[in-house]
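Quick look at entry_27.pdb (PDB, C-alpha atoms and all ligand atoms):
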```pdb
ATOM      1  CA  MET A   1    -105.932 -45.971  37.361
ATOM      2  CA  ARG A   2    -105.178 -44.433  33.975
ATOM      3  CA  THR A   3    -103.331 -46.688  31.539
ATOM      4  CA  THR A   4    -101.629 -45.870  28.243
ATOM      5  CA  PRO A   5    -102.965 -47.423  25.018
ATOM      6  CA  LEU A   6    -101.601 -50.780  23.894
ATOM      7  CA  GLN A   7    -102.281 -51.371  20.186
ATOM      8  CA  LYS A   8    -101.646 -54.098  17.680
ATOM      9  CA  LEU A   9     -99.610 -52.641  14.818
ATOM     10  CA  GLY A  10     -98.944 -55.429  12.309
ATOM     11  CA  THR A  11     -96.115 -57.865  11.731
ATOM     12  CA  ILE A  12     -92.358 -57.571  12.092
ATOM     13  CA  GLU A  13     -89.898 -60.152  10.705
ATOM     14  CA  GLY A  14     -92.588 -62.846  10.881
ATOM     15  CA  ASN A  15     -93.777 -61.902  14.395
ATOM     16  CA  GLN A  16     -96.911 -60.137  15.646
ATOM     17  CA  LEU A  17     -96.069 -56.546  16.623
ATOM     18  CA  TYR A  18     -97.777 -54.577  19.401
ATOM     19  CA  ILE A  19     -96.902 -51.175  20.814
ATOM     20  CA  LYS A  20     -97.476 -49.527  24.196
ATOM     21  CA  ARG A  21     -97.916 -45.790  23.754
ATOM     22  CA  GLU A  22     -96.105 -44.172  26.661
ATOM     23  CA  ASP A  23     -95.718 -41.210  24.297
ATOM     24  CA  LEU A  24     -99.453 -40.572  24.805
ATOM     25  CA  ILE A  25     -99.276 -39.958  28.579
ATOM     26  CA  PRO A  26    -101.342 -36.782  28.765
ATOM     27  CA  PHE A  27     -98.799 -34.301  30.123
ATOM     28  CA  CYS A  28     -96.273 -32.284  28.085
ATOM     29  CA  PHE A  29     -95.825 -34.776  25.212
ATOM     30  CA  GLY A  30     -95.712 -37.694  27.656
ATOM     31  CA  GLY A  31     -93.016 -40.336  27.534
ATOM     32  CA  ASN A  32     -91.329 -42.426  30.200
ATOM     33  CA  LYS A  33     -90.071 -39.264  31.917
ATOM     34  CA  ALA A  34     -93.684 -38.161  32.428
ATOM     35  CA  ARG A  35     -94.593 -41.498  34.042
ATOM     36  CA  LYS A  36     -91.569 -41.226  36.373
ATOM     37  CA  ALA A  37     -92.240 -37.540  37.084
ATOM     38  CA  GLU A  38     -95.793 -38.281  38.242
ATOM     39  CA  LEU A  39     -94.377 -40.386  41.077
ATOM     40  CA  PHE A  40     -91.681 -37.860  41.995
ATOM     41  CA  PHE A  41     -94.313 -35.136  42.194
ATOM     42  CA  GLN A  42     -96.527 -37.259  44.434
ATOM     43  CA  ILE A  43     -93.623 -37.070  46.917
ATOM     44  CA  ILE A  44     -93.043 -33.366  46.258
ATOM     45  CA  ASP A  45     -96.740 -32.475  46.594
ATOM     46  CA  ALA A  46     -97.041 -34.452  49.838
ATOM     47  CA  GLY A  47     -93.984 -32.719  51.336
ATOM     48  CA  SER A  48     -93.176 -29.074  51.980
ATOM     49  CA  TYR A  49     -90.848 -28.617  49.019
ATOM     50  CA  ASP A  50     -90.857 -25.299  47.208
ATOM     51  CA  CYS A  51     -88.295 -25.898  44.439
ATOM     52  CA  VAL A  52     -86.744 -28.716  42.428
ATOM     53  CA  VAL A  53     -83.140 -29.330  41.376
ATOM     54  CA  THR A  54     -82.363 -31.783  38.581
ATOM     55  CA  TYR A  55     -79.798 -32.607  35.942
ATOM     56  CA  GLY A  56     -79.877 -33.138  32.169
ATOM     57  CA  SER A  57     -78.727 -31.984  28.766
ATOM     58  CA  SER A  58     -80.473 -29.414  26.584
ATOM     59  CA  SER A  59     -82.242 -32.166  24.651
ATOM     60  CA  SER A  60     -83.413 -33.884  27.854
ATOM     61  CA  ASN A  61     -86.989 -35.139  27.840
ATOM     62  CA  HIS A  62     -86.693 -35.500  31.607
ATOM     63  CA  CYS A  63     -85.846 -31.810  32.186
ATOM     64  CA  ARG A  64     -88.634 -30.682  29.846
ATOM     65  CA  VAL A  65     -91.268 -32.618  31.807
ATOM     66  CA  ILE A  66     -89.891 -31.692  35.260
ATOM     67  CA  ALA A  67     -89.716 -28.001  34.309
ATOM     68  CA  ASN A  68     -93.330 -28.086  33.108
ATOM     69  CA  MET A  69     -94.516 -29.832  36.290
ATOM     70  CA  CYS A  70     -92.730 -27.184  38.377
ATOM     71  CA  ALA A  71     -94.236 -24.375  36.305
ATOM     72  CA  SER A  72     -97.734 -25.804  36.686
ATOM     73  CA  ARG A  73     -97.273 -25.714  40.491
ATOM     74  CA  GLY A  74     -95.590 -22.309  40.557
ATOM     75  CA  ILE A  75     -92.384 -23.657  42.097
ATOM     76  CA  SER A  76     -88.918 -22.938  40.715
ATOM     77  CA  CYS A  77     -86.959 -25.492  38.702
ATOM     78  CA  HIS A  78     -83.150 -25.514  38.680
ATOM     79  CA  VAL A  79     -81.532 -27.498  35.875
ATOM     80  CA  ILE A  80     -77.811 -28.282  35.867
ATOM     81  CA  ALA A  81     -76.721 -29.017  32.290
ATOM     82  CA  PRO A  82     -73.366 -30.185  30.900
ATOM     83  CA  ALA A  83     -71.950 -27.650  28.419
ATOM     84  CA  GLU A  84     -70.768 -30.453  26.115
ATOM     85  CA  ALA A  85     -74.359 -31.433  25.353
ATOM     86  CA  PHE A  86     -75.964 -28.028  25.173
ATOM     87  CA  GLY A  87     -77.225 -27.351  21.661
ATOM     88  CA  VAL A  88     -80.505 -25.912  20.438
ATOM     89  CA  SER A  89     -83.490 -28.243  20.713
ATOM     90  CA  TYR A  90     -87.245 -27.980  21.189
ATOM     91  CA  ASN A  91     -86.878 -29.431  24.691
ATOM     92  CA  GLN A  92     -84.432 -26.665  25.558
ATOM     93  CA  GLN A  93     -86.754 -24.010  24.115
ATOM     94  CA  MET A  94     -89.607 -25.376  26.216
ATOM     95  CA  MET A  95     -87.461 -25.371  29.376
ATOM     96  CA  LYS A  96     -87.010 -21.640  28.789
ATOM     97  CA  LEU A  97     -90.780 -21.153  28.386
ATOM     98  CA  TYR A  98     -91.249 -22.782  31.778
ATOM     99  CA  ASN A  99     -88.705 -20.329  33.254
ATOM    100  CA  ALA A 100     -86.384 -23.111  34.378
ATOM    101  CA  GLU A 101     -83.120 -21.721  35.764
ATOM    102  CA  ILE A 102     -80.495 -23.461  33.680
ATOM    103  CA  SER A 103     -76.835 -23.555  34.804
ATOM    104  CA  VAL A 104     -74.566 -24.775  32.046
ATOM    105  CA  VAL A 105     -71.261 -26.101  33.420
ATOM    106  CA  HIS A 106     -68.416 -28.330  32.277
ATOM    107  CA  VAL A 107     -69.364 -31.971  32.738
ATOM    108  CA  SER A 108     -66.643 -32.400  35.393
ATOM    109  CA  GLU A 109     -68.299 -29.670  37.495
ATOM    110  CA  VAL A 110     -71.844 -31.018  37.346
ATOM    111  CA  HIS A 111     -71.643 -32.842  40.687
ATOM    112  CA  ASP A 112     -70.327 -29.812  42.583
ATOM    113  CA  GLN A 113     -72.768 -27.484  40.874
ATOM    114  CA  ILE A 114     -75.699 -29.650  42.016
ATOM    115  CA  GLU A 115     -74.416 -29.561  45.625
ATOM    116  CA  ASN A 116     -73.784 -25.808  45.453
ATOM    117  CA  THR A 117     -77.228 -25.085  44.002
ATOM    118  CA  ILE A 118     -78.955 -27.133  46.701
ATOM    119  CA  ALA A 119     -76.869 -25.442  49.438
ATOM    120  CA  ALA A 120     -77.568 -21.956  48.029
ATOM    121  CA  LEU A 121     -81.325 -22.603  47.899
ATOM    122  CA  LYS A 122     -81.283 -23.818  51.516
ATOM    123  CA  ARG A 123     -79.398 -20.674  52.576
ATOM    124  CA  GLN A 124     -82.215 -18.664  51.001
ATOM    125  CA  GLY A 125     -84.646 -20.499  53.290
ATOM    126  CA  LYS A 126     -85.973 -22.757  50.529
ATOM    127  CA  THR A 127     -86.685 -26.498  50.688
ATOM    128  CA  PRO A 128     -85.382 -28.086  47.485
ATOM    129  CA  TYR A 129     -86.204 -31.589  46.245
ATOM    130  CA  PHE A 130     -83.505 -33.263  44.155
ATOM    131  CA  ILE A 131     -84.517 -35.501  41.248
ATOM    132  CA  PRO A 132     -81.635 -37.550  39.762
ATOM    133  CA  GLY A 133     -80.955 -37.178  36.017
ATOM    134  CA  GLY A 134     -83.442 -39.101  33.896
ATOM    135  CA  GLY A 135     -85.512 -39.895  37.008
ATOM    136  CA  HIS A 136     -83.052 -42.660  37.916
ATOM    137  CA  GLY A 137     -83.583 -44.485  41.216
ATOM    138  CA  ILE A 138     -86.215 -46.478  43.068
ATOM    139  CA  THR A 139     -89.037 -44.030  42.355
ATOM    140  CA  GLY A 140     -88.336 -44.198  38.616
ATOM    141  CA  THR A 141     -88.134 -47.985  38.792
ATOM    142  CA  GLN A 142     -91.512 -48.094  40.564
ATOM    143  CA  ALA A 143     -93.068 -46.127  37.695
ATOM    144  CA  TYR A 144     -92.182 -48.950  35.297
ATOM    145  CA  VAL A 145     -93.267 -51.694  37.677
ATOM    146  CA  ASN A 146     -96.632 -49.923  37.400
ATOM    147  CA  CYS A 147     -96.342 -49.964  33.602
ATOM    148  CA  TYR A 148     -95.688 -53.698  33.684
ATOM    149  CA  ASP A 149     -98.860 -54.122  35.761
ATOM    150  CA  GLU A 150    -100.755 -52.508  32.871
ATOM    151  CA  ILE A 151     -99.179 -54.962  30.425
ATOM    152  CA  ALA A 152    -100.200 -57.865  32.688
ATOM    153  CA  ASP A 153    -103.749 -56.450  32.829
ATOM    154  CA  TYR A 154    -103.860 -56.352  29.036
ATOM    155  CA  ARG A 155    -103.018 -60.051  28.967
ATOM    156  CA  LYS A 156    -105.807 -60.815  31.447
ATOM    157  CA  THR A 157    -108.328 -58.813  29.430
ATOM    158  CA  ASN A 158    -107.281 -59.810  25.900
ATOM    159  CA  GLY A 159    -105.557 -63.162  26.377
ATOM    160  CA  THR A 160    -102.427 -61.962  24.569
ATOM    161  CA  THR A 161     -99.148 -63.063  26.158
ATOM    162  CA  PHE A 162     -96.041 -61.204  25.034
ATOM    163  CA  ASP A 163     -92.939 -63.314  24.389
ATOM    164  CA  LEU A 164     -90.568 -60.395  23.946
ATOM    165  CA  ILE A 165     -90.718 -56.778  25.093
ATOM    166  CA  PHE A 166     -88.304 -54.263  23.525
ATOM    167  CA  LEU A 167     -87.455 -50.747  24.622
ATOM    168  CA  ALA A 168     -84.797 -48.034  24.385
ATOM    169  CA  SER A 169     -82.522 -48.317  27.426
ATOM    170  CA  GLY A 170     -80.572 -45.276  28.650
ATOM    171  CA  THR A 171     -80.040 -44.962  32.414
ATOM    172  CA  GLY A 172     -81.738 -48.367  32.562
ATOM    173  CA  THR A 173     -84.432 -47.373  35.065
ATOM    174  CA  THR A 174     -87.304 -48.019  32.658
ATOM    175  CA  GLN A 175     -85.935 -51.445  31.774
ATOM    176  CA  ALA A 176     -85.250 -52.239  35.449
ATOM    177  CA  GLY A 177     -88.859 -51.446  36.363
ATOM    178  CA  LEU A 178     -90.215 -53.697  33.619
ATOM    179  CA  ILE A 179     -87.887 -56.523  34.716
ATOM    180  CA  CYS A 180     -89.024 -56.143  38.345
ATOM    181  CA  GLY A 181     -92.650 -56.229  37.180
ATOM    182  CA  LYS A 182     -92.013 -59.390  35.201
ATOM    183  CA  LEU A 183     -90.297 -61.046  38.197
ATOM    184  CA  LEU A 184     -93.097 -60.022  40.573
ATOM    185  CA  HIS A 185     -95.683 -61.501  38.170
ATOM    186  CA  HIS A 186     -93.528 -64.644  37.655
ATOM    187  CA  ASP A 187     -93.792 -64.176  33.884
ATOM    188  CA  SER A 188     -91.430 -65.722  31.377
ATOM    189  CA  CYS A 189     -91.222 -62.999  28.729
ATOM    190  CA  ASP A 190     -87.845 -61.600  27.658
ATOM    191  CA  ILE A 191     -87.374 -57.889  28.279
ATOM    192  CA  ILE A 192     -84.756 -56.663  25.858
ATOM    193  CA  GLY A 193     -83.167 -53.270  26.387
ATOM    194  CA  ILE A 194     -81.681 -51.807  23.236
ATOM    195  CA  SER A 195     -78.895 -49.552  24.459
ATOM    196  CA  ILE A 196     -78.963 -46.036  23.063
ATOM    197  CA  ALA A 197     -75.496 -45.154  24.412
ATOM    198  CA  ARG A 198     -73.848 -47.361  27.019
ATOM    199  CA  LYS A 199     -71.728 -50.407  26.241
ATOM    200  CA  ASN A 200     -71.525 -53.668  28.155
ATOM    201  CA  PRO A 201     -70.645 -54.725  30.752
ATOM    202  CA  ARG A 202     -71.285 -51.325  32.383
ATOM    203  CA  GLY A 203     -74.679 -50.760  30.756
ATOM    204  CA  ARG A 204     -76.067 -54.099  31.879
ATOM    205  CA  ASP A 205     -74.501 -53.783  35.346
ATOM    206  CA  ILE A 206     -76.404 -50.561  35.980
ATOM    207  CA  VAL A 207     -79.719 -52.203  35.044
ATOM    208  CA  LEU A 208     -78.853 -55.203  37.276
ATOM    209  CA  GLU A 209     -78.067 -52.898  40.180
ATOM    210  CA  SER A 210     -81.408 -51.064  39.826
ATOM    211  CA  VAL A 211     -83.300 -54.376  39.748
ATOM    212  CA  ARG A 212     -81.428 -55.653  42.817
ATOM    213  CA  GLU A 213     -82.032 -52.430  44.709
ATOM    214  CA  TYR A 214     -85.777 -52.605  44.034
ATOM    215  CA  MET A 215     -86.302 -56.363  44.486
ATOM    216  CA  GLY A 216     -84.252 -56.847  47.655
ATOM    217  CA  HIS A 217     -84.906 -60.413  48.796
ATOM    218  CA  ARG A 218     -87.878 -60.956  46.482
ATOM    219  CA  ALA A 219     -85.681 -62.429  43.706
ATOM    220  CA  THR A 220     -82.418 -64.373  43.617
ATOM    221  CA  LEU A 221     -79.334 -62.994  41.924
ATOM    222  CA  SER A 222     -79.491 -65.688  39.231
ATOM    223  CA  GLU A 223     -83.153 -64.885  38.474
ATOM    224  CA  ILE A 224     -82.188 -61.225  38.120
ATOM    225  CA  GLN A 225     -79.174 -62.020  35.937
ATOM    226  CA  ASP A 226     -81.187 -64.314  33.665
ATOM    227  CA  SER A 227     -83.821 -61.593  33.235
ATOM    228  CA  THR A 228     -81.463 -58.770  32.316
ATOM    229  CA  VAL A 229     -80.719 -58.565  28.597
ATOM    230  CA  PHE A 230     -78.965 -55.367  27.562
ATOM    231  CA  VAL A 231     -78.072 -55.265  23.857
ATOM    232  CA  ASP A 232     -75.313 -52.785  22.944
ATOM    233  CA  GLU A 233     -74.912 -53.682  19.264
ATOM    234  CA  TYR A 234     -77.056 -50.900  17.848
ATOM    235  CA  VAL A 235     -75.726 -47.760  19.578
ATOM    236  CA  THR A 236     -73.950 -46.612  16.362
ATOM    237  CA  ASN A 237     -71.389 -43.963  17.392
ATOM    238  CA  GLY A 238     -72.926 -43.185  20.762
ATOM    239  CA  TYR A 239     -75.579 -41.047  22.438
ATOM    240  CA  GLY A 240     -77.621 -39.007  19.967
ATOM    241  CA  GLN A 241     -75.661 -40.408  17.008
ATOM    242  CA  THR A 242     -77.728 -41.733  14.143
ATOM    243  CA  ASP A 243     -77.305 -43.351  10.741
ATOM    244  CA  SER A 244     -79.286 -43.786   7.536
ATOM    245  CA  ALA A 245     -80.805 -47.121   8.654
ATOM    246  CA  ILE A 246     -82.293 -45.444  11.756
ATOM    247  CA  GLN A 247     -83.617 -42.569   9.643
ATOM    248  CA  GLU A 248     -85.220 -45.025   7.203
ATOM    249  CA  THR A 249     -86.853 -46.847  10.127
ATOM    250  CA  ILE A 250     -88.291 -43.585  11.455
ATOM    251  CA  LEU A 251     -89.734 -42.716   8.052
ATOM    252  CA  LYS A 252     -91.165 -46.197   7.543
ATOM    253  CA  VAL A 253     -92.887 -46.314  10.960
ATOM    254  CA  LEU A 254     -94.288 -42.829  10.425
ATOM    255  CA  LEU A 255     -95.650 -43.633   6.943
ATOM    256  CA  THR A 256     -96.956 -47.100   7.859
ATOM    257  CA  TYR A 257     -98.430 -46.517  11.312
ATOM    258  CA  GLY A 258     -98.548 -42.737  11.766
ATOM    259  CA  ILE A 259     -96.311 -42.965  14.815
ATOM    260  CA  PRO A 260     -93.355 -40.568  15.297
ATOM    261  CA  LEU A 261     -90.032 -41.966  16.540
ATOM    262  CA  ASP A 262     -86.834 -40.029  17.234
ATOM    263  CA  GLU A 263     -83.174 -40.589  16.385
ATOM    264  CA  THR A 264     -81.798 -40.719  19.947
ATOM    265  CA  TYR A 265     -84.167 -43.206  21.589
ATOM    266  CA  THR A 266     -87.205 -44.813  19.991
ATOM    267  CA  GLY A 267     -86.008 -44.839  16.359
ATOM    268  CA  LYS A 268     -82.708 -46.397  17.424
ATOM    269  CA  ALA A 269     -84.528 -48.980  19.566
ATOM    270  CA  PHE A 270     -87.103 -49.841  16.884
ATOM    271  CA  HIS A 271     -84.309 -50.353  14.384
ATOM    272  CA  GLY A 272     -82.329 -52.419  16.929
ATOM    273  CA  MET A 273     -85.429 -54.534  17.625
ATOM    274  CA  THR A 274     -85.878 -55.276  13.916
ATOM    275  CA  GLU A 275     -82.234 -56.306  13.544
ATOM    276  CA  TYR A 276     -82.310 -58.378  16.732
ATOM    277  CA  LEU A 277     -85.355 -60.352  15.566
ATOM    278  CA  LYS A 278     -83.760 -60.898  12.170
ATOM    279  CA  ASN A 279     -80.271 -61.806  13.427
ATOM    280  CA  ASN A 280     -81.588 -64.207  16.082
ATOM    281  CA  GLN A 281     -84.129 -65.737  13.665
ATOM    282  CA  ILE A 282     -87.009 -65.125  16.032
ATOM    283  CA  ARG A 283     -90.352 -65.893  14.346
ATOM    284  CA  GLY A 284     -93.975 -66.524  15.239
ATOM    285  CA  LYS A 285     -93.797 -64.622  18.557
ATOM    286  CA  ASN A 286     -95.822 -61.829  20.118
ATOM    287  CA  VAL A 287     -93.540 -58.809  20.303
ATOM    288  CA  LEU A 288     -94.286 -55.637  22.270
ATOM    289  CA  PHE A 289     -92.427 -52.382  21.635
ATOM    290  CA  ILE A 290     -92.578 -49.780  24.406
ATOM    291  CA  HIS A 291     -92.803 -46.313  22.825
ATOM    292  CA  THR A 292     -90.969 -44.376  25.523
ATOM    293  CA  GLY A 293     -91.843 -40.935  24.086
ATOM    294  CA  GLY A 294     -89.443 -38.131  23.203
ATOM    295  CA  THR A 295     -91.784 -36.644  20.601
ATOM    296  CA  PRO A 296     -90.099 -33.188  20.607
ATOM    297  CA  LEU A 297     -86.915 -34.943  19.411
ATOM    298  CA  PHE A 298     -88.863 -36.179  16.367
ATOM    299  CA  PHE A 299     -89.346 -32.539  15.406
ATOM    300  CA  ASP A 300     -85.644 -31.799  15.994
ATOM    301  CA  ALA A 301     -84.841 -34.567  13.499
ATOM    302  CA  LEU A 302     -87.406 -33.224  11.044
ATOM    303  CA  ARG A 303     -85.929 -29.735  11.231
ATOM    304  CA  LYS A 304     -82.429 -31.157  10.731
ATOM    305  CA  TRP A 305     -83.482 -33.242   7.724
ATOM    306  CA  ASP A 306     -85.228 -30.219   6.265
ATOM    307  CA  ASP A 307     -82.008 -28.206   6.545
ATOM    308  CA  GLY A 308     -80.330 -31.006   4.592
ATOM    309  CA  LYS A 309     -78.016 -31.807   7.520
TER     310      LYS A 309
HETATM  311  C1  LIG B 401     -84.864 -41.236  28.829
HETATM  312  C2  LIG B 401     -85.483 -41.956  27.690
HETATM  313  C3  LIG B 401     -85.284 -43.338  27.496
HETATM  314  C4  LIG B 401     -84.396 -44.161  28.398
HETATM  315  O1  LIG B 401     -84.988 -44.364  29.654
HETATM  316  P1  LIG B 401     -84.103 -44.872  30.865
HETATM  317  O2  LIG B 401     -85.046 -45.145  31.962
HETATM  318  O3  LIG B 401     -83.149 -43.754  31.191
HETATM  319  O4  LIG B 401     -83.350 -46.069  30.419
HETATM  320  C5  LIG B 401     -85.918 -43.949  26.444
HETATM  321  N1  LIG B 401     -86.703 -43.243  25.592
HETATM  322  C6  LIG B 401     -86.906 -41.924  25.731
HETATM  323  C7  LIG B 401     -87.766 -41.240  24.739
HETATM  324  C8  LIG B 401     -86.315 -41.226  26.799
HETATM  325  O5  LIG B 401     -86.528 -39.915  26.932
END
```

What is this structure when it is put down as C-alpha cells?
Ligand SMILES: *Cc1c(COP(=O)(O)O)cnc(C)c1O
Amino acid sequence: MRTTPLQKLGTIEGNQLYIKREDLIPFCFGGNKARKAELFFQIIDAGSYDCVVTYGSSSSNHCRVIANMCASRGISCHVIAPAEAFGVSYNQQMMKLYNAEISVVHVSEVHDQIENTIAALKRQGKTPYFIPGGGHGITGTQAYVNCYDEIADYRKTNGTTFDLIFLASGTGTTQAGLICGKLLHHDSCDIIGISIARKNPRGRDIVLESVREYMGHRATLSEIQDSTVFVDEYVTNGYGQTDSAIQETILKVLLTYGIPLDETYTGKAFHGMTEYLKNNQIRGKNVLFIHTGGTPLFFDALRKWDDGK
C-alpha cells in the first residue's frame, strides 16, 4: 500500500512537530479529497457507472479532484455549485479544463438540482453515481481510517507516539476517520479538529454522528464523545475568511519549511494549532499536523496578495 510521507519539521511552542503530507498524494495536487476520491472510484470502477454527480463551490478541492478522475476515465462529471460561493479560483479553472458540467444555482435550490440532474441523466439511459459534497459519508470516513493505519505503522517503525494530532475540520469526515482509527487501535492520542467554518455544538455533533455511523457497536457512546474534540475558536469570520495572523502563519511555514498552506483550510488550522498549544500550555509533547492539501488555494492567496487585496 502507498503511504504519504510523515516528516519531522521542528518544534512548536515547546513541542516536537511532525507533519503528514496528504498534500503529496500523487493525483491532481493531492489532499484529503484525493484520498477519499480513490475509494469512491474503486466503487465506480467496479460498477457500471458512466457519469458522476457531485456538489461543491467553485473553490472546492473535492470537485477539482472528482472532475479530474472523471476526465481520466472519459466519463462525464456533473457539478452542482451554489451561486453564493462561485468566484474565480484555480480549482474552478481546472474544473473547466476537465470539461465538468457545472450548474450554478441558488443555495436553496441545490438539493432539487441534484435530484433533477440525476433523474435527467437516468432518462438519457445513463447510470450516474452520486458523491456527497466533500466526499462526506462512510466511504470518506474509511479513507481516513486508512490514513490512521499509516500513522500507527509509523509508530511501529520509528517508535514515535503522537500525543496530539491536529487537522482542519470542515464536513468532519476526515476527523471522524482519524478518530475511528484511533478507537480501533485503542490509542490514547487526542485528535483535535480545528474548525474552518462550523460552530459548536453543530460542528462537533456532525463529527460525532460520522464516528457513530462508522463504528456501530465497536465503541461506546462515551468513548466516542471523549474522543471528539472540535475547536471552533479560530474560524475568524467564517468559511474562507482570513486575517493577518493566518497570513503570517502561511508565510512563516513557507519560509521555514518550504510547505505551502492556504487561507481556507491548512493555514487556518496551523494557526489554530499554534494558539491551542499556547493557550492550553501544552509542552513537551509529540504533535502531528495533518496537511490536508488544497495547494491550488495557496496560489489563489498568492494572486490575491499580489493584487494588494
Ligand atoms: C475539504 C478539506 C478539509 C476538510 O475536510 P473534511 O473531511 O470536510 O472535514 C481540510 N483541508 C482541505 C485542504 C480540504 O480541502

Could you spell out the hits of the PyMOL selection byres (((chain A and resi 191) around 12) and not hetatm) on the shown file, as a VMD selection string?
chain A and resid 148 162 to 169 172 174 to 183 187 to 190 192 to 194 207 224 to 231 273 287 to 290

Would you mind exporting C-alpha atoms of the selected residues as a PDB file, in the frame of the given file?
```pdb
ATOM      1  CA  TYR A 148     -95.688 -53.698  33.684  1.00  0.00           C
ATOM      2  CA  PHE A 162     -96.041 -61.204  25.034  1.00  0.00           C
ATOM      3  CA  ASP A 163     -92.939 -63.314  24.389  1.00  0.00           C
ATOM      4  CA  LEU A 164     -90.568 -60.395  23.946  1.00  0.00           C
ATOM      5  CA  ILE A 165     -90.718 -56.778  25.093  1.00  0.00           C
ATOM      6  CA  PHE A 166     -88.304 -54.263  23.525  1.00  0.00           C
ATOM      7  CA  LEU A 167     -87.455 -50.747  24.622  1.00  0.00           C
ATOM      8  CA  ALA A 168     -84.797 -48.034  24.385  1.00  0.00           C
ATOM      9  CA  SER A 169     -82.522 -48.317  27.426  1.00  0.00           C
ATOM     10  CA  GLY A 172     -81.738 -48.367  32.562  1.00  0.00           C
ATOM     11  CA  THR A 174     -87.304 -48.019  32.658  1.00  0.00           C
ATOM     12  CA  GLN A 175     -85.935 -51.445  31.774  1.00  0.00           C
ATOM     13  CA  ALA A 176     -85.250 -52.239  35.449  1.00  0.00           C
ATOM     14  CA  GLY A 177     -88.859 -51.446  36.363  1.00  0.00           C
ATOM     15  CA  LEU A 178     -90.215 -53.697  33.619  1.00  0.00           C
ATOM     16  CA  ILE A 179     -87.887 -56.523  34.716  1.00  0.00           C
ATOM     17  CA  CYS A 180     -89.024 -56.143  38.345  1.00  0.00           C
ATOM     18  CA  GLY A 181     -92.650 -56.229  37.180  1.00  0.00           C
ATOM     19  CA  LYS A 182     -92.013 -59.390  35.201  1.00  0.00           C
ATOM     20  CA  LEU A 183     -90.297 -61.046  38.197  1.00  0.00           C
ATOM     21  CA  ASP A 187     -93.792 -64.176  33.884  1.00  0.00           C
ATOM     22  CA  SER A 188     -91.430 -65.722  31.377  1.00  0.00           C
ATOM     23  CA  CYS A 189     -91.222 -62.999  28.729  1.00  0.00           C
ATOM     24  CA  ASP A 190     -87.845 -61.600  27.658  1.00  0.00           C
ATOM     25  CA  ILE A 192     -84.756 -56.663  25.858  1.00  0.00           C
ATOM     26  CA  GLY A 193     -83.167 -53.270  26.387  1.00  0.00           C
ATOM     27  CA  ILE A 194     -81.681 -51.807  23.236  1.00  0.00           C
ATOM     28  CA  VAL A 207     -79.719 -52.203  35.044  1.00  0.00           C
ATOM     29  CA  ILE A 224     -82.188 -61.225  38.120  1.00  0.00           C
ATOM     30  CA  GLN A 225     -79.174 -62.020  35.937  1.00  0.00           C
ATOM     31  CA  ASP A 226     -81.187 -64.314  33.665  1.00  0.00           C
ATOM     32  CA  SER A 227     -83.821 -61.593  33.235  1.00  0.00           C
ATOM     33  CA  THR A 228     -81.463 -58.770  32.316  1.00  0.00           C
ATOM     34  CA  VAL A 229     -80.719 -58.565  28.597  1.00  0.00           C
ATOM     35  CA  PHE A 230     -78.965 -55.367  27.562  1.00  0.00           C
ATOM     36  CA  VAL A 231     -78.072 -55.265  23.857  1.00  0.00           C
ATOM     37  CA  MET A 273     -85.429 -54.534  17.625  1.00  0.00           C
ATOM     38  CA  VAL A 287     -93.540 -58.809  20.303  1.00  0.00           C
ATOM     39  CA  LEU A 288     -94.286 -55.637  22.270  1.00  0.00           C
ATOM     40  CA  PHE A 289     -92.427 -52.382  21.635  1.00  0.00           C
ATOM     41  CA  ILE A 290     -92.578 -49.780  24.406  1.00  0.00           C
TER      42      ILE A 290
END
```

Could the residues of chain A that have an atom at most 9 Å from ligand LIG 401 (chain B) be listed as a tab-separated table, each with its closest atom pair and the distance in Å to one decimal, counting all atoms listed in the file and ordered by chain and ascending residue number?
```
residue	atom	partner	partner_atom	distance
A:Asp23	CA	B:LIG401	C7	8.0
A:Gly31	CA	B:LIG401	C7	6.0
A:Asn32	CA	B:LIG401	C8	6.2
A:Lys33	CA	B:LIG401	O5	6.2
A:Lys36	CA	B:LIG401	O2	8.8
A:Ser60	CA	B:LIG401	O5	6.9
A:Asn61	CA	B:LIG401	O5	4.9
A:His62	CA	B:LIG401	O5	6.4
A:Gly133	CA	B:LIG401	O3	8.4
A:Gly134	CA	B:LIG401	O3	5.4
A:Gly135	CA	B:LIG401	O2	7.3
A:His136	CA	B:LIG401	O2	6.8
A:Gly140	CA	B:LIG401	O2	7.5
A:Thr141	CA	B:LIG401	O2	8.0
A:Tyr144	CA	B:LIG401	O2	8.7
A:Leu167	CA	B:LIG401	C5	7.2
A:Ala168	CA	B:LIG401	C5	4.7
A:Ser169	CA	B:LIG401	O4	3.8
A:Gly170	CA	B:LIG401	O4	3.4
A:Thr171	CA	B:LIG401	O3	3.6
A:Gly172	CA	B:LIG401	O4	3.5
A:Thr173	CA	B:LIG401	O2	3.9
A:Thr174	CA	B:LIG401	O2	3.7
A:Gln175	CA	B:LIG401	O4	6.1
A:Ala176	CA	B:LIG401	O2	7.9
A:Gly177	CA	B:LIG401	O2	8.6
A:Gly193	CA	B:LIG401	O4	8.3
A:Ser195	CA	B:LIG401	O4	8.2
A:Ile196	CA	B:LIG401	C4	7.8
A:Val207	CA	B:LIG401	O4	8.5
A:Leu261	CA	B:LIG401	C7	8.5
A:Asp262	CA	B:LIG401	C7	7.7
A:Thr264	CA	B:LIG401	C7	7.7
A:Tyr265	CA	B:LIG401	N1	4.7
A:Thr266	CA	B:LIG401	N1	5.8
A:Ala269	CA	B:LIG401	N1	8.6
A:Ile290	CA	B:LIG401	N1	8.9
A:His291	CA	B:LIG401	N1	7.4
A:Thr292	CA	B:LIG401	N1	4.4
A:Gly293	CA	B:LIG401	C7	4.1
A:Gly294	CA	B:LIG401	C7	3.9
A:Thr295	CA	B:LIG401	C7	7.4
A:Leu297	CA	B:LIG401	C7	8.3
```

Determine the residue set returned by the PyMOL selection byres (((chain A and resi 9-13) around 9) and not hetatm) for the present structure, and present it as a count of residues only.
17

I'd like to know which of A:Glu150, A:Glu109, A:Ile66, A:Val145 is closest to Tyr129 in chain A, using all atoms listed in the file.
A:Ile66

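Counting only C-alpha atoms, the residue from A:Ile43, A:Ile114, A:Leu24, A:Met94 that sits nearest to Pro82 in chain A is A:Ile114.
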
Here's the selection I'm unsure about, the PyMOL selection byres (((chain A and resi 91) around 12) and not hetatm); applied to the file above, which residues does it give, as a PyMOL selection string?
chain A and resi 28-29+56-68+86-90+92-98+100+294-300
